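Containing compact mmCIF, C-alpha atoms: final_15.txt.
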```txt
# COMPACT_ATOMS: atom_id res chain seq x y z
CA MET A 1 -2.39 -19.34 -12.48
CA SER A 2 -0.39 -18.62 -9.33
CA ARG A 3 0.57 -15.08 -8.49
CA THR A 4 4.08 -14.02 -7.56
CA PRO A 5 4.38 -12.92 -3.91
CA GLY A 6 4.52 -9.13 -3.61
CA GLU A 7 2.37 -8.56 -6.68
CA GLY A 8 -1.23 -7.35 -6.52
CA ILE A 9 -1.15 -4.37 -4.19
CA PRO A 10 2.52 -3.93 -3.22
CA PRO A 11 3.45 -1.54 -0.37
CA LEU A 12 3.93 2.09 -1.34
CA VAL A 13 7.48 2.21 -0.04
CA GLY A 14 8.85 5.75 0.10
CA LEU A 15 5.54 7.51 -0.65
CA ASP A 16 5.26 10.94 1.01
CA LEU A 17 2.06 11.08 3.07
CA LEU A 18 0.51 14.15 4.64
CA ILE A 19 -1.89 13.54 7.52
CA VAL A 20 -4.34 16.41 7.98
CA SER A 21 -5.76 16.40 11.47
CA SER A 22 -7.27 18.81 13.99
CA GLY A 23 -4.14 18.88 16.12
CA SER A 24 -0.76 17.20 15.64
CA ASP A 25 -1.17 15.17 18.83
CA ARG A 26 -4.27 13.49 17.41
CA ALA A 27 -2.31 12.25 14.39
CA GLN A 28 0.42 10.60 16.49
CA PRO A 29 -1.22 7.12 16.70
CA ARG A 30 -1.12 6.95 12.89
CA ILE A 31 2.44 8.09 12.30
CA ARG A 32 4.59 5.22 13.59
CA PRO A 33 2.44 2.40 12.11
CA LEU A 34 2.41 4.12 8.70
CA GLU A 35 6.19 4.56 8.83
CA GLU A 36 6.53 0.84 9.54
CA PHE A 37 4.64 0.19 6.29
CA GLY A 38 7.27 2.26 4.44
CA TYR A 39 5.59 5.66 4.16
CA ARG A 40 7.31 8.98 4.80
CA VAL A 41 4.86 10.84 7.01
CA ALA A 42 4.31 14.54 7.69
CA VAL A 43 1.48 16.09 9.70
CA CYS A 44 -0.56 19.26 9.35
CA GLY A 45 -2.34 19.77 12.65
CA GLU A 46 -3.24 23.41 12.14
CA LEU A 47 -5.78 23.68 9.35
CA PRO A 48 -5.03 27.36 8.53
CA LEU A 49 -1.49 26.25 7.60
CA LEU A 50 -2.67 23.56 5.17
CA ALA A 51 -1.61 25.40 2.00
CA LYS A 52 1.87 26.04 3.40
CA ALA A 53 2.26 22.41 4.47
CA ILE A 54 1.41 21.16 0.97
CA ALA A 55 3.71 23.69 -0.71
CA ARG A 56 6.60 23.02 1.68
CA ARG A 57 6.60 19.26 1.12
CA PRO A 58 4.33 18.24 -1.79
CA PRO A 59 2.77 14.91 -0.74
CA GLY A 60 2.12 11.83 -2.84
CA ALA A 61 -1.19 11.35 -1.02
CA ILE A 62 -3.18 12.97 1.78
CA ILE A 63 -5.05 11.36 4.67
CA VAL A 64 -7.78 13.43 6.30
CA ASP A 65 -8.10 12.00 9.80
CA LEU A 66 -9.97 14.25 12.21
CA VAL A 67 -10.26 11.41 14.75
CA HIS A 68 -13.42 11.63 16.87
CA GLU A 69 -13.85 15.39 16.61
CA VAL A 70 -17.07 16.49 14.91
CA ALA A 71 -15.92 18.44 11.87
CA ASN A 72 -16.93 19.02 8.31
CA ALA A 73 -14.60 16.63 6.48
CA PRO A 74 -16.22 17.28 3.06
CA ASP A 75 -15.44 21.00 3.32
CA LEU A 76 -11.84 20.17 4.18
CA VAL A 77 -11.59 17.81 1.19
CA ARG A 78 -13.00 20.54 -1.04
CA ARG A 79 -10.33 22.91 0.24
CA ILE A 80 -7.59 20.34 -0.39
CA ARG A 81 -8.88 19.84 -3.94
CA GLY A 82 -8.33 23.56 -4.54
CA LEU A 83 -4.67 23.09 -3.63
CA THR A 84 -3.66 19.74 -5.14
CA ASN A 85 -4.89 16.79 -7.20
CA VAL A 86 -3.05 14.06 -5.28
CA PRO A 87 -5.11 11.12 -3.95
CA VAL A 88 -7.10 11.88 -0.79
CA LEU A 89 -8.31 9.28 1.70
CA VAL A 90 -10.77 10.34 4.39
CA VAL A 91 -11.06 8.59 7.74
CA GLY A 92 -14.63 9.51 8.63
CA CYS A 93 -15.83 11.34 11.71
CA ALA A 94 -19.46 10.17 11.69
CA GLY A 95 -19.08 7.00 9.65
CA THR A 96 -22.43 7.46 7.95
CA SER A 97 -23.34 6.84 4.32
CA SER A 98 -24.27 10.52 4.09
CA GLU A 99 -20.81 11.62 5.23
CA MET A 100 -19.16 9.18 2.82
CA LEU A 101 -21.23 10.47 -0.10
CA ARG A 102 -20.44 14.11 0.73
CA CYS A 103 -16.72 13.34 0.98
CA PHE A 104 -16.73 11.63 -2.43
CA ASP A 105 -18.73 14.51 -3.93
CA ALA A 106 -16.14 16.93 -2.53
CA GLY A 107 -13.32 15.07 -4.30
CA ALA A 108 -12.15 12.29 -1.96
CA ASP A 109 -10.75 9.18 -3.63
CA GLU A 110 -11.22 6.75 -0.73
CA TYR A 111 -13.13 6.61 2.56
CA ALA A 112 -12.58 4.56 5.72
CA THR A 113 -14.79 4.33 8.77
CA PRO A 114 -13.90 6.14 12.03
CA ARG A 115 -11.16 4.63 14.22
CA CYS A 116 -10.23 2.12 11.54
CA GLN A 117 -6.94 0.27 11.92
CA THR A 118 -3.88 1.72 10.19
CA GLN A 119 -3.54 -1.52 8.22
CA GLU A 120 -6.88 -0.76 6.55
CA VAL A 121 -5.70 2.74 5.66
CA ASP A 122 -2.55 1.23 4.14
CA LEU A 123 -4.49 -1.36 2.11
CA ARG A 124 -6.95 1.22 0.79
CA LEU A 125 -4.10 3.48 -0.33
CA ARG A 126 -2.33 0.60 -2.03
CA ALA A 127 -5.49 -0.48 -3.86
CA LEU A 128 -6.05 3.12 -4.94
CA PHE A 129 -2.56 3.45 -6.37
CA ARG A 130 -2.87 0.09 -8.11
CA ARG A 131 -5.97 1.35 -9.91
CA MET A 132 -4.11 4.51 -10.88
CA ALA A 133 -1.14 2.49 -12.16
CA CYS A 134 -3.39 0.23 -14.22
CA GLY A 135 -5.04 3.25 -15.79
CA ALA A 136 -1.70 4.84 -16.63
CA SER A 137 -0.22 1.66 -18.11
CA SER A 138 -3.24 1.20 -20.35
CA LYS A 139 -2.65 4.64 -21.86
CA GLU A 140 1.07 4.49 -22.49
CA GLU A 141 4.07 2.19 -22.32
CA ARG A 142 6.96 3.64 -20.37
CA SER A 143 10.57 2.61 -20.75
CA VAL A 144 12.38 2.43 -17.42
CA PRO A 145 16.14 3.09 -17.65
CA PRO A 146 18.49 0.85 -15.63
CA ILE A 147 19.40 1.99 -12.13
CA ARG A 148 23.14 2.37 -11.58
CA VAL A 149 24.69 2.27 -8.13
CA GLY A 150 28.47 2.11 -8.04
CA ASP A 151 29.52 -0.93 -10.09
CA LEU A 152 25.96 -2.31 -10.17
CA GLU A 153 23.46 -1.92 -12.99
CA ILE A 154 19.89 -3.00 -12.20
CA ASP A 155 17.64 -3.42 -15.23
CA MET A 156 14.07 -3.38 -13.95
CA GLU A 157 12.39 -4.16 -17.27
CA ARG A 158 14.52 -7.20 -18.10
CA GLN A 159 15.04 -8.17 -14.44
CA LEU A 160 18.78 -8.39 -14.91
CA VAL A 161 21.66 -7.31 -12.68
CA ARG A 162 25.21 -6.67 -13.81
CA LYS A 163 28.32 -5.95 -11.81
CA ARG A 164 31.15 -4.32 -13.73
CA GLY A 165 29.40 -5.44 -16.90
CA ASN A 166 29.08 -9.09 -15.87
CA GLN A 167 25.62 -10.54 -15.31
CA VAL A 168 24.86 -11.68 -11.76
CA ALA A 169 22.45 -14.60 -11.44
CA LEU A 170 19.70 -13.78 -8.94
CA SER A 171 16.65 -15.79 -7.98
CA PRO A 172 13.23 -14.11 -8.46
CA THR A 173 13.01 -13.46 -4.71
CA GLU A 174 16.50 -11.97 -4.59
CA PHE A 175 15.67 -9.69 -7.51
CA ARG A 176 12.38 -8.52 -5.94
CA LEU A 177 14.25 -7.59 -2.78
CA LEU A 178 17.01 -5.77 -4.65
CA ALA A 179 14.49 -4.00 -6.91
CA THR A 180 12.53 -2.71 -3.92
CA LEU A 181 15.72 -1.31 -2.43
CA ALA A 182 16.82 0.14 -5.78
CA GLU A 183 13.52 1.97 -6.27
CA ASN A 184 14.35 3.88 -3.08
CA CYS A 185 18.12 4.34 -3.25
CA GLY A 186 19.52 5.99 -0.16
CA ARG A 187 16.31 5.57 1.86
CA VAL A 188 16.00 3.20 4.79
CA ILE A 189 13.02 0.90 4.15
CA PRO A 190 11.40 -0.63 7.24
CA ALA A 191 11.77 -4.39 7.53
CA LYS A 192 8.00 -4.96 7.61
CA ALA A 193 7.54 -3.06 4.34
CA LEU A 194 10.29 -5.07 2.65
CA ILE A 195 8.86 -8.38 3.80
CA ALA A 196 5.33 -7.45 2.71
CA ARG A 197 6.58 -6.36 -0.70
CA VAL A 198 8.77 -9.40 -1.36
CA TRP A 199 6.89 -12.23 0.35
CA GLY A 200 3.40 -10.84 1.09
CA ASN A 201 1.54 -9.43 4.10
CA GLU A 202 1.08 -12.82 5.70
CA TYR A 203 4.86 -13.09 6.25
CA VAL A 204 5.51 -9.75 8.02
CA ALA A 205 6.43 -11.54 11.26
CA GLU A 206 9.00 -13.77 9.50
CA SER A 207 11.97 -11.42 9.78
CA HIS A 208 14.44 -14.29 9.37
CA TYR A 209 13.46 -14.51 5.67
CA LEU A 210 14.65 -10.96 5.16
CA ARG A 211 17.93 -11.47 7.01
CA LEU A 212 18.62 -14.65 5.04
CA TYR A 213 18.04 -13.06 1.62
CA VAL A 214 20.00 -9.94 2.50
CA ARG A 215 22.89 -12.27 3.23
CA TYR A 216 22.38 -14.02 -0.14
CA LEU A 217 22.44 -10.68 -1.97
CA ARG A 218 25.55 -9.51 -0.18
CA GLN A 219 27.36 -12.71 -1.07
CA LYS A 220 26.58 -12.17 -4.75
CA LEU A 221 26.94 -8.38 -5.01
CA GLU A 222 29.50 -7.21 -2.45
CA ASP A 223 33.26 -7.42 -2.88
CA ASP A 224 33.46 -8.04 0.86
CA PRO A 225 30.11 -9.30 2.23
CA GLY A 226 31.36 -8.71 5.78
CA THR A 227 31.85 -5.00 5.03
CA PRO A 228 28.98 -4.16 2.66
CA ARG A 229 29.01 -0.97 0.62
CA TYR A 230 25.76 -1.53 -1.28
CA ILE A 231 23.16 -3.19 0.96
CA LEU A 232 23.25 -1.39 4.27
CA ASN A 233 21.25 -1.89 7.43
CA ARG A 234 20.26 0.45 10.21
CA TRP A 235 19.66 -1.56 13.35
CA GLY A 236 16.05 -1.41 14.48
CA ALA A 237 14.96 0.50 11.37
CA GLY A 238 15.49 -1.47 8.16
CA TYR A 239 17.70 -1.72 5.08
CA SER A 240 18.75 0.56 2.25
CA LEU A 241 20.65 0.43 -1.02
CA ALA A 242 23.44 2.97 -0.91
CA ASP A 243 22.90 5.96 -3.16
CA ALA A 244 25.05 6.31 -6.25
CA ALA A 245 27.38 8.97 -4.83
CA LYS A 246 28.25 7.00 -1.68
CA ALA A 247 28.70 3.71 -3.54
CA ALA A 248 30.95 5.14 -6.23
```

Show the structure stored in the file as structure tokens.
Amino acid sequence: MSRTPGEGIPPLVGLDLLIVSSGSDRAQPRIRPLEEFGYRVAVCGELPLLAKAIARRPPGAIIVDLVHEVANAPDLVRRIRGLTNVPVLVVGCAGTSSEMLRCFDAGADEYATPRCQTQEVDLRLRALFRRMACGASSKEERSVPPIRVGDLEIDMERQLVRKRGNQVALSPTEFRLLATLAENCGRVIPAKALIARVWGNEYVAESHYLRLYVRYLRQKLEDDPGTPRYILNRWGAGYSLADAAKAA
């Protein structure tokens, strides 16, 4: 049975990430690539301020990335576990089986080897959240209310879209694109994250697909496609679905 593109381990668009590192400058090589995958990234480069950083902006997940500095990552994970239960991924310092075991014993949920590519970090996080979602769905069925933006009503469960009460016929690809935007109303989603979610990772360089389907959606949803009020773009950054207040 074929799988729909974007299913499996979809990008975690809009997830708040906290990178814990021994110095903000050492976290910089991670920040921009993670933002291109759709994450919202904050950094804690001063370990004594860790509790304040978590309280100030509660993260959806934490990455412990101490780069090449020799440090006790398991102790840091143990400290994080005393502050929050969100998923924790450790990018190792030593890269040994012993370090990996101690990190897992301390409460880490995932482990990656030192100097791993950001794409690997992204994939490990996505696989982790997929496992969490599968566990949650097996325990309870949740009803998702329709998302309303201006005159649009987007029914995620039934995969239906209405405008002023009238159903709008969308293709599966058009709906996946609109649904991804609707899940993050008001937020600009990077183009790479949208393409990976809708078409799959292997198409991230095919930006013309995204431009084409944005045009299709505007033709079907906007009163004036040339002056869109719903599907907005920020040049060089990505696209967003206007929030309800601005679209009203």

For A:Leu12, list every protein, DNA or RNA residue within 9 Å, evaluated using all atoms listed in the file, and leave out those in the same chain fewer than 3 positions away; present the list as an mmCIF file with C-alpha atoms, in the coordinates of the input.
```cif
data_model
loop_
_atom_site.group_PDB
_atom_site.id
_atom_site.type_symbol
_atom_site.label_atom_id
_atom_site.label_comp_id
_atom_site.auth_asym_id
_atom_site.auth_seq_id
_atom_site.Cartn_x
_atom_site.Cartn_y
_atom_site.Cartn_z
ATOM 1 C CA ILE A 9 -1.150 -4.370 -4.190
ATOM 2 C CA LEU A 15 5.540 7.510 -0.650
ATOM 3 C CA PHE A 37 4.640 0.190 6.290
ATOM 4 C CA GLY A 38 7.270 2.260 4.440
ATOM 5 C CA TYR A 39 5.590 5.660 4.160
ATOM 6 C CA ASP A 122 -2.550 1.230 4.140
ATOM 7 C CA LEU A 125 -4.100 3.480 -0.330
ATOM 8 C CA ARG A 126 -2.330 0.600 -2.030
ATOM 9 C CA PHE A 129 -2.560 3.450 -6.370
ATOM 10 C CA ALA A 193 7.540 -3.060 4.340
ATOM 11 C CA ARG A 197 6.580 -6.360 -0.700
#
```

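Coordinates place atom CA of A:Pro10 at a distance of 26.0 Å from atom CA of A:Met100.
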
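With distances restricted to only C-alpha atoms, A:Ile80 is the closest residue to A:Gly107 from A:Val64, A:Ala169, A:Ile80, A:Val91.
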
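Checking A:Gly226, A:Gly23, A:Pro11, A:Pro114 one by one against A:Trp199, counting all atoms listed in the file, you find the shortest gap at A:Pro11.
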
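Here atom CA of A:Arg158 and atom CA of A:Ser171 stand 13.4 Å from one another.
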
Inset, instruction - Just the residues within 12 Å of A:Asn233, please, counting all atoms listed in the file, with nothing from its chain fewer than 5 positions along; format it as a PyMOL selection string. - result: chain A and resi 181+186-191+210-211+214-215+218+227-228+238-242

Please give the centre and size of the box around stretch 123-135 of chain A (axis-aligned, containing every atom listed in the file, 8 Å added per side), with values in Å to one decimal and written as lines of an AutoDock Vina configuration file.
```
center_x = -4.0
center_y = 1.6
center_z = -6.8
size_x = 21.8
size_y = 21.9
size_z = 33.9
```

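Straight-line separation from atom CA of A:Ser22 to atom CA of A:Ile63: 12.1 Å.
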
Inset, instruction - Do a neighbour search on stretch 50-55 of chain A at 8 Å with all atoms listed in the file, toss out local chain neighbours closer than 6 positions, and write the hits as a list in words. - result: Leu18, Val20, Cys44 and Leu83 of chain A

Inset, instruction - Go through A:Pro48, A:Gly165, A:Gly236, A:Pro59 and flag the residue nearest A:Glu36, using only C-alpha atoms for the distances. - result: A:Gly236

Inset, instruction - Pick out the residues sitting within 10 Å of A:Met156, and hand them over as number ranges by chain; count all atoms listed in the file, and ignore anything fewer than 4 positions along from it in its own chain. - result: A: 143-147, 160-161, 175-176, 179, 182-183

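Distance check against A:Arg148 using only C-alpha atoms: of A:Leu170, A:Pro29, A:Cys185, A:Ala237, the minimum falls on A:Cys185.
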
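Minimum distance to A:Ala73 across A:Leu17, A:Leu89, A:Cys103, A:Ala205 (counting only C-alpha atoms) occurs at A:Cys103.
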
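Minimum atom-to-atom distance to A:Arg81, evaluated using all atoms listed in the file, belongs to A:Asp109 out of A:Arg162, A:Gln167, A:Asp109, A:Met132.
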
As a PDB file with C-alpha atoms, keeping the file's coordinate frame, please: the residues near A:Gly92 (cut-off 10 Å, all atoms listed in the file, same-chain neighbours under 4 positions excluded).
```pdb
ATOM      1  CA  VAL A  64      -7.780  13.430   6.300  1.00  0.00           C
ATOM      2  CA  ASP A  65      -8.100  12.000   9.800  1.00  0.00           C
ATOM      3  CA  LEU A  66      -9.970  14.250  12.210  1.00  0.00           C
ATOM      4  CA  VAL A  67     -10.260  11.410  14.750  1.00  0.00           C
ATOM      5  CA  HIS A  68     -13.420  11.630  16.870  1.00  0.00           C
ATOM      6  CA  GLU A  69     -13.850  15.390  16.610  1.00  0.00           C
ATOM      7  CA  VAL A  70     -17.070  16.490  14.910  1.00  0.00           C
ATOM      8  CA  ALA A  71     -15.920  18.440  11.870  1.00  0.00           C
ATOM      9  CA  ASN A  72     -16.930  19.020   8.310  1.00  0.00           C
ATOM     10  CA  ALA A  73     -14.600  16.630   6.480  1.00  0.00           C
ATOM     11  CA  PRO A  74     -16.220  17.280   3.060  1.00  0.00           C
ATOM     12  CA  THR A  96     -22.430   7.460   7.950  1.00  0.00           C
ATOM     13  CA  GLU A  99     -20.810  11.620   5.230  1.00  0.00           C
ATOM     14  CA  MET A 100     -19.160   9.180   2.820  1.00  0.00           C
ATOM     15  CA  CYS A 103     -16.720  13.340   0.980  1.00  0.00           C
ATOM     16  CA  TYR A 111     -13.130   6.610   2.560  1.00  0.00           C
ATOM     17  CA  ALA A 112     -12.580   4.560   5.720  1.00  0.00           C
ATOM     18  CA  THR A 113     -14.790   4.330   8.770  1.00  0.00           C
ATOM     19  CA  PRO A 114     -13.900   6.140  12.030  1.00  0.00           C
ATOM     20  CA  ARG A 115     -11.160   4.630  14.220  1.00  0.00           C
ATOM     21  CA  CYS A 116     -10.230   2.120  11.540  1.00  0.00           C
TER      22      CYS A 116
END
```
